[in-house]
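Right, one structure below, let's go through it.
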Amino acid sequence: MPITPFDPRELFDTAYVKFFEGPPNASDLKAGELGVNVDLFRQVKTHYRKARENSACRVLADICQDIQGSGYLGTLEQSALRVGTSTITIQRWRSRFFETGLLNQHNRNGLYSVDPKVAILKAPNGKVIKPNPKGTGIFTF
C-alpha cells in the first residue's frame with residue numbers, strides 16, 4: 001500500500017487561512033484571516049503516528065479554526081461534532097496539546113487558547129484576537 005504524502009492544508013477551510021512554514025506572522029495577515037504553522041502539523045502527525053486515523057491533526061486543525069472572538073476555544077461538544085468523535089477524545093487532545101505547549105490553559109475547567117506559535121487569528125477590524133480575561137466574565141482576583 002503506497003504511502004501518500006501528508007498535506008495539512010487539506011484539514012482547513014482554506015478560504016480564510018494563510019499557511020506559514022514556521023510561527024505565523026500577524027503583520028502578514030489580512031483582517032479576518034487565520035495564520036497557521038503547517039510545520040507543527042507535520043511534527044504532530046509524525047509524533048502521534050499511532051493515533052487512530054491520526055485524529056491529533058484533525059483535532060488540532062479544528063482547534064485552530066475554533067478560536068472565538070474572546071480568544072478562547074469553543075465548547076468540547078461543538079468540536080466533537082465537527083471532528084466526528086467524542087468530547088472525551090477532544091478533551092484528551094486538548095490536555096496533550098497543553099502539555100506540549102501548543103495550547104495555553106486559563107483555568108482548571110478546560111478553558112484554553114491557542115499558542116501564537118501555532119495559529120493567529122485577526123479580527124475583521126484588523127486586530128489580533130487574544131484571550132482577555134477582563135472582558136469575558138472570568139473571575140480574577
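Every chain in the C-alpha cells has a letter given in the order shown (A, B, ...), and although residue numbers restart at 1 in each chain, ligands are simply numbered from 1 in the order shown.
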Point to revise | Distance query Arg82 (chain A) at most 12 Å, only C-alpha atoms, self and fewer than 2 positions along chain excluded, as a PyMOL selection string | key: chain A and resi 11+58-63+65-66+74-80+84-87+90
Practice item. Give the helix (DSSP H, G or I) residues of chain A, as DSSP finds them on the backbone, and put them as a ChimeraX atom specification. Key: /A:8-11,26-28,38-47,52-65,76-83,87-99,133-135
Review point. What does the distance from CA of Leu81 (chain A) to CA of Ser113 (chain A) come to in Å, to one decimal?
Key: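 Answer for the CA of Leu81 (chain A) to CA of Ser113 (chain A) separation: 19.4 Å.
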**Study point:** All residues 12 Å or closer to Ser95 (chain A), only C-alpha atoms, same chain fewer than 4 positions away omitted, as a list in words
**Key:**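 Contacts, with the query itself left out: Ala56, Val59, Leu60, Ile88, Thr89, Ile90, Gln91, Glu99, Thr100, Gly101, Leu102, Leu103, Asn104, Gln105, Arg108, Asn109, Gly110, Leu111, Tyr112 and Ser113 of chain A.
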Limited to N, CA, C and O atoms, could you put the picked residues into a file as a PDB file, in the first residue's frame?
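File out-v5.pdb, as written:
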ATOM      1  N   ALA A  56      -5.130  13.379  15.950  1.00  0.00           N
ATOM      2  CA  ALA A  56      -4.417  14.518  16.528  1.00  0.00           C
ATOM      3  C   ALA A  56      -4.436  15.720  15.585  1.00  0.00           C
ATOM      4  O   ALA A  56      -4.754  16.835  15.995  1.00  0.00           O
ATOM      5  N   VAL A  59      -8.010  17.172  15.168  1.00  0.00           N
ATOM      6  CA  VAL A  59      -8.435  17.930  16.351  1.00  0.00           C
ATOM      7  C   VAL A  59      -7.682  19.263  16.413  1.00  0.00           C
ATOM      8  O   VAL A  59      -8.279  20.304  16.674  1.00  0.00           O
ATOM      9  N   LEU A  60      -6.387  19.256  16.143  1.00  0.00           N
ATOM     10  CA  LEU A  60      -5.608  20.489  16.181  1.00  0.00           C
ATOM     11  C   LEU A  60      -6.082  21.471  15.102  1.00  0.00           C
ATOM     12  O   LEU A  60      -6.168  22.672  15.352  1.00  0.00           O
ATOM     13  N   ILE A  88     -14.770  13.341  25.106  1.00  0.00           N
ATOM     14  CA  ILE A  88     -13.641  12.845  25.903  1.00  0.00           C
ATOM     15  C   ILE A  88     -12.363  12.848  25.064  1.00  0.00           C
ATOM     16  O   ILE A  88     -11.297  13.245  25.541  1.00  0.00           O
ATOM     17  N   THR A  89     -12.473  12.438  23.808  1.00  0.00           N
ATOM     18  CA  THR A  89     -11.313  12.447  22.911  1.00  0.00           C
ATOM     19  C   THR A  89     -10.810  13.871  22.694  1.00  0.00           C
ATOM     20  O   THR A  89      -9.603  14.120  22.731  1.00  0.00           O
ATOM     21  N   ILE A  90     -11.731  14.797  22.487  1.00  0.00           N
ATOM     22  CA  ILE A  90     -11.348  16.203  22.288  1.00  0.00           C
ATOM     23  C   ILE A  90     -10.631  16.730  23.530  1.00  0.00           C
ATOM     24  O   ILE A  90      -9.581  17.373  23.434  1.00  0.00           O
ATOM     25  N   GLN A  91     -11.184  16.436  24.709  1.00  0.00           N
ATOM     26  CA  GLN A  91     -10.561  16.900  25.945  1.00  0.00           C
ATOM     27  C   GLN A  91      -9.174  16.290  26.143  1.00  0.00           C
ATOM     28  O   GLN A  91      -8.250  16.973  26.573  1.00  0.00           O
ATOM     29  N   GLU A  99       0.063  20.178  27.365  1.00  0.00           N
ATOM     30  CA  GLU A  99       1.302  19.636  27.923  1.00  0.00           C
ATOM     31  C   GLU A  99       2.486  19.847  26.985  1.00  0.00           C
ATOM     32  O   GLU A  99       3.616  20.008  27.441  1.00  0.00           O
ATOM     33  N   THR A 100       2.250  19.844  25.686  1.00  0.00           N
ATOM     34  CA  THR A 100       3.334  20.030  24.720  1.00  0.00           C
ATOM     35  C   THR A 100       3.524  21.498  24.328  1.00  0.00           C
ATOM     36  O   THR A 100       4.392  21.798  23.508  1.00  0.00           O
ATOM     37  N   GLY A 101       2.730  22.398  24.878  1.00  0.00           N
ATOM     38  CA  GLY A 101       2.915  23.826  24.636  1.00  0.00           C
ATOM     39  C   GLY A 101       2.187  24.381  23.433  1.00  0.00           C
ATOM     40  O   GLY A 101       2.413  25.528  23.054  1.00  0.00           O
ATOM     41  N   LEU A 102       1.302  23.602  22.820  1.00  0.00           N
ATOM     42  CA  LEU A 102       0.564  24.100  21.661  1.00  0.00           C
ATOM     43  C   LEU A 102      -0.664  24.903  22.072  1.00  0.00           C
ATOM     44  O   LEU A 102      -1.165  25.723  21.295  1.00  0.00           O
ATOM     45  N   LEU A 103      -1.177  24.653  23.278  1.00  0.00           N
ATOM     46  CA  LEU A 103      -2.317  25.394  23.820  1.00  0.00           C
ATOM     47  C   LEU A 103      -1.918  26.009  25.156  1.00  0.00           C
ATOM     48  O   LEU A 103      -1.025  25.516  25.833  1.00  0.00           O
ATOM     49  N   ASN A 104      -2.610  27.066  25.526  1.00  0.00           N
ATOM     50  CA  ASN A 104      -2.445  27.686  26.833  1.00  0.00           C
ATOM     51  C   ASN A 104      -3.715  27.424  27.636  1.00  0.00           C
ATOM     52  O   ASN A 104      -4.814  27.610  27.114  1.00  0.00           O
ATOM     53  N   GLN A 105      -3.566  27.016  28.884  1.00  0.00           N
ATOM     54  CA  GLN A 105      -4.718  26.751  29.745  1.00  0.00           C
ATOM     55  C   GLN A 105      -4.943  27.965  30.635  1.00  0.00           C
ATOM     56  O   GLN A 105      -4.009  28.501  31.212  1.00  0.00           O
ATOM     57  N   ARG A 108      -8.757  25.638  35.398  1.00  0.00           N
ATOM     58  CA  ARG A 108      -8.761  24.168  35.537  1.00  0.00           C
ATOM     59  C   ARG A 108     -10.046  23.534  35.009  1.00  0.00           C
ATOM     60  O   ARG A 108     -10.226  22.336  35.100  1.00  0.00           O
ATOM     61  N   ASN A 109     -10.932  24.329  34.454  1.00  0.00           N
ATOM     62  CA  ASN A 109     -12.195  23.813  33.922  1.00  0.00           C
ATOM     63  C   ASN A 109     -12.159  23.614  32.412  1.00  0.00           C
ATOM     64  O   ASN A 109     -13.189  23.450  31.785  1.00  0.00           O
ATOM     65  N   GLY A 110     -10.981  23.662  31.814  1.00  0.00           N
ATOM     66  CA  GLY A 110     -10.872  23.371  30.385  1.00  0.00           C
ATOM     67  C   GLY A 110     -10.938  24.578  29.482  1.00  0.00           C
ATOM     68  O   GLY A 110     -11.261  24.443  28.308  1.00  0.00           O
ATOM     69  N   LEU A 111     -10.635  25.770  29.986  1.00  0.00           N
ATOM     70  CA  LEU A 111     -10.622  26.965  29.147  1.00  0.00           C
ATOM     71  C   LEU A 111      -9.224  27.124  28.551  1.00  0.00           C
ATOM     72  O   LEU A 111      -8.247  27.310  29.271  1.00  0.00           O
ATOM     73  N   TYR A 112      -9.142  26.994  27.237  1.00  0.00           N
ATOM     74  CA  TYR A 112      -7.862  27.022  26.540  1.00  0.00           C
ATOM     75  C   TYR A 112      -7.852  28.113  25.475  1.00  0.00           C
ATOM     76  O   TYR A 112      -8.901  28.531  24.976  1.00  0.00           O
ATOM     77  N   SER A 113      -6.634  28.516  25.116  1.00  0.00           N
ATOM     78  CA  SER A 113      -6.426  29.359  23.942  1.00  0.00           C
ATOM     79  C   SER A 113      -5.255  28.760  23.157  1.00  0.00           C
ATOM     80  O   SER A 113      -4.466  27.995  23.692  1.00  0.00           O
TER      81      SER A 113
END
Practice item. Determine, counting only C-alpha atoms, which protein, DNA and RNA residues have an atom within 8 Å of an atom of Lys18 (chain A); residues of the same chain fewer than 6 positions away are not included. Present the result as a list in words. Key: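 Those residues are Leu29, Glu33, Leu34, Gly35 and Val36 of chain A.
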Can I get the selected residues back with all heavy atoms, as a short mmCIF file (atom, residue, chain, number, x, y, z; two decimals), in the first residue's frame?
data_model
loop_
_atom_site.label_atom_id
_atom_site.label_comp_id
_atom_site.auth_asym_id
_atom_site.auth_seq_id
_atom_site.Cartn_x
_atom_site.Cartn_y
_atom_site.Cartn_z
N LEU A 29 -0.88 38.93 7.84
CA LEU A 29 -2.28 38.53 7.74
C LEU A 29 -3.18 39.71 7.44
O LEU A 29 -2.94 40.82 7.92
CB LEU A 29 -2.74 37.88 9.06
CG LEU A 29 -2.06 36.58 9.45
CD1 LEU A 29 -2.50 36.16 10.85
CD2 LEU A 29 -2.38 35.49 8.45
N GLU A 33 -8.29 36.94 8.61
CA GLU A 33 -7.51 35.77 8.22
C GLU A 33 -6.95 35.04 9.42
O GLU A 33 -6.68 35.62 10.46
CB GLU A 33 -6.32 36.19 7.33
CG GLU A 33 -6.56 35.98 5.87
CD GLU A 33 -5.29 36.22 5.05
OE1 GLU A 33 -4.38 36.96 5.45
OE2 GLU A 33 -5.25 35.64 3.95
N LEU A 34 -6.77 33.73 9.24
CA LEU A 34 -6.17 32.86 10.24
C LEU A 34 -4.81 32.42 9.72
O LEU A 34 -4.71 31.87 8.63
CB LEU A 34 -7.06 31.63 10.47
CG LEU A 34 -6.52 30.52 11.36
CD1 LEU A 34 -6.44 30.99 12.80
CD2 LEU A 34 -7.40 29.29 11.25
N GLY A 35 -3.77 32.68 10.51
CA GLY A 35 -2.43 32.24 10.14
C GLY A 35 -2.09 30.96 10.89
O GLY A 35 -2.27 30.89 12.10
N VAL A 36 -1.62 29.93 10.19
CA VAL A 36 -1.38 28.62 10.78
C VAL A 36 0.04 28.15 10.46
O VAL A 36 0.50 28.27 9.32
CB VAL A 36 -2.40 27.59 10.25
CG1 VAL A 36 -2.11 26.20 10.78
CG2 VAL A 36 -3.81 28.00 10.62
#
